[in-house]
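Participant: Structure in structure tokens, see below.
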Amino acid sequence: MKRILIALLLIPGMLLAADQTITMKVSGNCGSCKKRIVKAAESIDGVSDASWNKTTKVFTATFDDTKTTQDVIKKSILKAGYDVEGTSADQDAYKKLPDCCKYKDKTHD
């Protein structure tokens with residue numbers, strides 16, 4: 001009886017948990033940027049299938065909303081040195097990026 005009661009208490013929480021998708025613009029230039037952006041997102045428990053498109057600058061990831069939030073993912077990318085949809089990156093992290101990744105100087109495609 002005790003096991004049934006525990007199962008009944010856990011099932012509603014499991015039904016509410018769901019994978020969510022986040023899509024946002026993230027500044028960057030190159031393949032190195034892509035690796036850093038994806039790594040920043042995937043370093044967060046609950047994030048999977050992260051990707052960033054160099055041409056469109058669109059970042060997408062799937063995450064478990066019981067383990068993390070969109071805000072946590074955004075903050076991780078900002079701390080890696082990349083602007084996220086109108087929010088400026090951590091400046092110390094940006095300064096440490098390789099020259100090819102410095103998108104603010106407008107000399108890269």
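Residue numbering restarts at 1 in every chain; chains get A, B, ... in the order shown in the structure tokens, and ligands count up from 1 in that same order.
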Out of chain A, which residues get strand (DSSP E or B) from DSSP, as number ranges by chain?

Facilitator: A: 19-26, 47-52, 58-64, 84, 87

Participant: Keeping C-alpha atoms, export the residues of the selection given above as a PDB file, in the first residue's frame.

Facilitator:
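New file again-v5.pdb:
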ATOM      1  CA  ASP A  19      11.534  19.052 -22.449  1.00  0.00           C
ATOM      2  CA  GLN A  20      11.431  22.662 -23.543  1.00  0.00           C
ATOM      3  CA  THR A  21      13.153  24.354 -26.464  1.00  0.00           C
ATOM      4  CA  ILE A  22      14.949  27.674 -26.342  1.00  0.00           C
ATOM      5  CA  THR A  23      15.740  29.614 -29.517  1.00  0.00           C
ATOM      6  CA  MET A  24      17.563  32.937 -29.464  1.00  0.00           C
ATOM      7  CA  LYS A  25      20.057  35.086 -31.337  1.00  0.00           C
ATOM      8  CA  VAL A  26      23.641  34.793 -30.083  1.00  0.00           C
ATOM      9  CA  VAL A  47      20.524  20.811 -21.533  1.00  0.00           C
ATOM     10  CA  SER A  48      20.713  18.621 -24.631  1.00  0.00           C
ATOM     11  CA  ASP A  49      20.864  19.031 -28.389  1.00  0.00           C
ATOM     12  CA  ALA A  50      22.428  22.501 -28.312  1.00  0.00           C
ATOM     13  CA  SER A  51      23.389  24.069 -31.634  1.00  0.00           C
ATOM     14  CA  TRP A  52      24.371  27.460 -33.065  1.00  0.00           C
ATOM     15  CA  VAL A  58      20.472  31.408 -34.101  1.00  0.00           C
ATOM     16  CA  PHE A  59      21.072  29.228 -31.049  1.00  0.00           C
ATOM     17  CA  THR A  60      18.698  26.384 -30.206  1.00  0.00           C
ATOM     18  CA  ALA A  61      18.722  23.874 -27.379  1.00  0.00           C
ATOM     19  CA  THR A  62      16.412  21.405 -25.729  1.00  0.00           C
ATOM     20  CA  PHE A  63      16.343  21.378 -21.939  1.00  0.00           C
ATOM     21  CA  ASP A  64      14.600  19.630 -19.092  1.00  0.00           C
ATOM     22  CA  VAL A  84      22.478  37.125 -26.241  1.00  0.00           C
ATOM     23  CA  THR A  87      22.120  41.562 -23.500  1.00  0.00           C
TER      24      THR A  87
END

Participant: Any idea what's packed within 8 Å of region 32-45 of chain A, counting only C-alpha atoms, ignoring anything in its chain fewer than 3 positions away? Could you give it as a PyMOL selection string?

Facilitator: chain A and resi 28-29+48+50-54+61+67-68+73+76-77+80+82+101

Participant: Export, as a compact mmCIF listing (two decimals), in the first residue's frame, the selected residues with N, CA and C atoms.

Facilitator:
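Generated output (part.txt):
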# COMPACT_ATOMS: atom_id res chain seq x y z
N GLY A 28 28.41 35.97 -32.66
CA GLY A 28 29.59 35.14 -32.84
C GLY A 28 30.01 35.17 -34.28
N ASN A 29 31.16 34.56 -34.58
CA ASN A 29 31.72 34.63 -35.93
C ASN A 29 32.02 33.30 -36.59
N SER A 48 20.31 19.58 -23.60
CA SER A 48 20.71 18.62 -24.63
C SER A 48 20.48 19.22 -26.01
N ALA A 50 22.13 21.09 -28.09
CA ALA A 50 22.43 22.50 -28.31
C ALA A 50 23.10 22.68 -29.67
N SER A 51 22.75 23.76 -30.35
CA SER A 51 23.39 24.07 -31.63
C SER A 51 23.37 25.57 -31.86
N TRP A 52 24.30 26.04 -32.70
CA TRP A 52 24.37 27.46 -33.06
C TRP A 52 24.73 27.54 -34.53
N ASN A 53 24.00 28.35 -35.27
CA ASN A 53 24.23 28.49 -36.70
C ASN A 53 25.04 29.76 -36.96
N LYS A 54 26.23 29.59 -37.53
CA LYS A 54 27.14 30.69 -37.80
C LYS A 54 26.53 31.74 -38.73
N ALA A 61 18.40 24.99 -28.26
CA ALA A 61 18.72 23.87 -27.38
C ALA A 61 17.43 23.32 -26.78
N LYS A 67 15.22 20.71 -14.43
CA LYS A 67 16.64 20.80 -14.04
C LYS A 67 17.24 22.18 -14.28
N THR A 68 16.70 22.94 -15.22
CA THR A 68 17.26 24.26 -15.52
C THR A 68 16.20 25.16 -16.14
N ILE A 73 20.53 29.20 -18.94
CA ILE A 73 21.22 28.94 -20.21
C ILE A 73 21.76 30.25 -20.79
N SER A 76 24.82 31.48 -18.88
CA SER A 76 26.01 30.70 -19.17
C SER A 76 26.68 31.15 -20.47
N ILE A 77 25.88 31.44 -21.48
CA ILE A 77 26.41 31.91 -22.77
C ILE A 77 26.99 33.31 -22.61
N ALA A 80 30.34 33.14 -21.13
CA ALA A 80 31.33 32.62 -22.08
C ALA A 80 31.86 33.71 -23.00
N TYR A 82 29.66 35.88 -25.05
CA TYR A 82 28.82 36.11 -26.23
C TYR A 82 27.54 36.86 -25.87
N CYS A 101 37.09 35.35 -32.83
CA CYS A 101 35.78 35.31 -32.19
C CYS A 101 35.28 36.67 -31.73

Participant: Just to confirm, what's the straight-line distance from CA of Asp105 (chain A) to CA of Gly31 (chain A) in Å (one decimal)?

Facilitator: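 Computed distance, CA of Asp105 (chain A) to CA of Gly31 (chain A), equals 17.4 Å.
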
Participant: Using only C-alpha atoms, can you tell me which of A:Gln70, A:Ser27, A:Gln91, A:Asp83 comes closest to Lys57 (chain A)?

Facilitator: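 Smallest distance to Lys57 (chain A) is found for A:Ser27.
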
Participant: What residues in region 66-104 of chain A get the DSSP label helix (DSSP H, G or I)? Please answer as a PDB file with N, CA and C atoms, in the first residue's frame.

Facilitator:
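Heads up, here's the output in result_23.pdb:
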ATOM      1  N   GLN A  70      15.550  28.765 -18.960  1.00  0.00           N
ATOM      2  CA  GLN A  70      16.084  29.540 -20.078  1.00  0.00           C
ATOM      3  C   GLN A  70      17.067  30.590 -19.573  1.00  0.00           C
ATOM      4  N   ASP A  71      16.764  31.200 -18.451  1.00  0.00           N
ATOM      5  CA  ASP A  71      17.622  32.244 -17.890  1.00  0.00           C
ATOM      6  C   ASP A  71      19.012  31.703 -17.531  1.00  0.00           C
ATOM      7  N   VAL A  72      19.069  30.525 -16.980  1.00  0.00           N
ATOM      8  CA  VAL A  72      20.356  29.907 -16.631  1.00  0.00           C
ATOM      9  C   VAL A  72      21.181  29.654 -17.892  1.00  0.00           C
ATOM     10  N   ILE A  73      20.531  29.196 -18.944  1.00  0.00           N
ATOM     11  CA  ILE A  73      21.217  28.941 -20.214  1.00  0.00           C
ATOM     12  C   ILE A  73      21.759  30.251 -20.791  1.00  0.00           C
ATOM     13  N   LYS A  74      20.945  31.277 -20.810  1.00  0.00           N
ATOM     14  CA  LYS A  74      21.378  32.586 -21.314  1.00  0.00           C
ATOM     15  C   LYS A  74      22.582  33.100 -20.530  1.00  0.00           C
ATOM     16  N   LYS A  75      22.518  33.028 -19.205  1.00  0.00           N
ATOM     17  CA  LYS A  75      23.613  33.517 -18.363  1.00  0.00           C
ATOM     18  C   LYS A  75      24.907  32.761 -18.630  1.00  0.00           C
ATOM     19  N   SER A  76      24.818  31.485 -18.882  1.00  0.00           N
ATOM     20  CA  SER A  76      26.014  30.695 -19.172  1.00  0.00           C
ATOM     21  C   SER A  76      26.678  31.147 -20.473  1.00  0.00           C
ATOM     22  N   ILE A  77      25.875  31.441 -21.483  1.00  0.00           N
ATOM     23  CA  ILE A  77      26.411  31.907 -22.766  1.00  0.00           C
ATOM     24  C   ILE A  77      26.992  33.315 -22.607  1.00  0.00           C
ATOM     25  N   LEU A  78      26.343  34.171 -21.835  1.00  0.00           N
ATOM     26  CA  LEU A  78      26.867  35.508 -21.565  1.00  0.00           C
ATOM     27  C   LEU A  78      28.216  35.430 -20.853  1.00  0.00           C
ATOM     28  N   LYS A  79      28.337  34.518 -19.897  1.00  0.00           N
ATOM     29  CA  LYS A  79      29.595  34.344 -19.161  1.00  0.00           C
ATOM     30  C   LYS A  79      30.709  33.799 -20.043  1.00  0.00           C
ATOM     31  N   GLN A  91      32.220  41.213 -20.162  1.00  0.00           N
ATOM     32  CA  GLN A  91      33.304  41.879 -20.885  1.00  0.00           C
ATOM     33  C   GLN A  91      34.660  41.237 -20.659  1.00  0.00           C
ATOM     34  N   ASP A  92      34.927  40.739 -19.458  1.00  0.00           N
ATOM     35  CA  ASP A  92      36.203  40.063 -19.207  1.00  0.00           C
ATOM     36  C   ASP A  92      36.303  38.787 -20.039  1.00  0.00           C
ATOM     37  N   ALA A  93      35.205  38.065 -20.133  1.00  0.00           N
ATOM     38  CA  ALA A  93      35.185  36.840 -20.948  1.00  0.00           C
ATOM     39  C   ALA A  93      35.347  37.179 -22.420  1.00  0.00           C
ATOM     40  N   TYR A  94      34.685  38.256 -22.870  1.00  0.00           N
ATOM     41  CA  TYR A  94      34.798  38.667 -24.270  1.00  0.00           C
ATOM     42  C   TYR A  94      36.247  39.009 -24.618  1.00  0.00           C
ATOM     43  N   LYS A  95      36.932  39.738 -23.756  1.00  0.00           N
ATOM     44  CA  LYS A  95      38.317  40.132 -23.999  1.00  0.00           C
ATOM     45  C   LYS A  95      39.248  38.926 -24.122  1.00  0.00           C
ATOM     46  N   LYS A  96      38.885  37.818 -23.479  1.00  0.00           N
ATOM     47  CA  LYS A  96      39.712  36.609 -23.511  1.00  0.00           C
ATOM     48  C   LYS A  96      39.459  35.740 -24.740  1.00  0.00           C
ATOM     49  N   ASP A  99      41.028  36.265 -31.297  1.00  0.00           N
ATOM     50  CA  ASP A  99      40.719  37.362 -32.215  1.00  0.00           C
ATOM     51  C   ASP A  99      39.629  36.998 -33.213  1.00  0.00           C
ATOM     52  N   CYS A 100      39.635  35.761 -33.697  1.00  0.00           N
ATOM     53  CA  CYS A 100      38.634  35.358 -34.699  1.00  0.00           C
ATOM     54  C   CYS A 100      37.214  35.375 -34.144  1.00  0.00           C
ATOM     55  N   CYS A 101      37.093  35.347 -32.827  1.00  0.00           N
ATOM     56  CA  CYS A 101      35.777  35.305 -32.189  1.00  0.00           C
ATOM     57  C   CYS A 101      35.277  36.673 -31.733  1.00  0.00           C
ATOM     58  N   TYR A 103      33.493  39.421 -32.273  1.00  0.00           N
ATOM     59  CA  TYR A 103      32.457  39.868 -33.207  1.00  0.00           C
ATOM     60  C   TYR A 103      32.155  41.365 -33.092  1.00  0.00           C
ATOM     61  N   LYS A 104      32.543  42.016 -32.029  1.00  0.00           N
ATOM     62  CA  LYS A 104      32.210  43.433 -31.828  1.00  0.00           C
ATOM     63  C   LYS A 104      33.087  44.359 -32.656  1.00  0.00           C
TER      64      LYS A 104
END
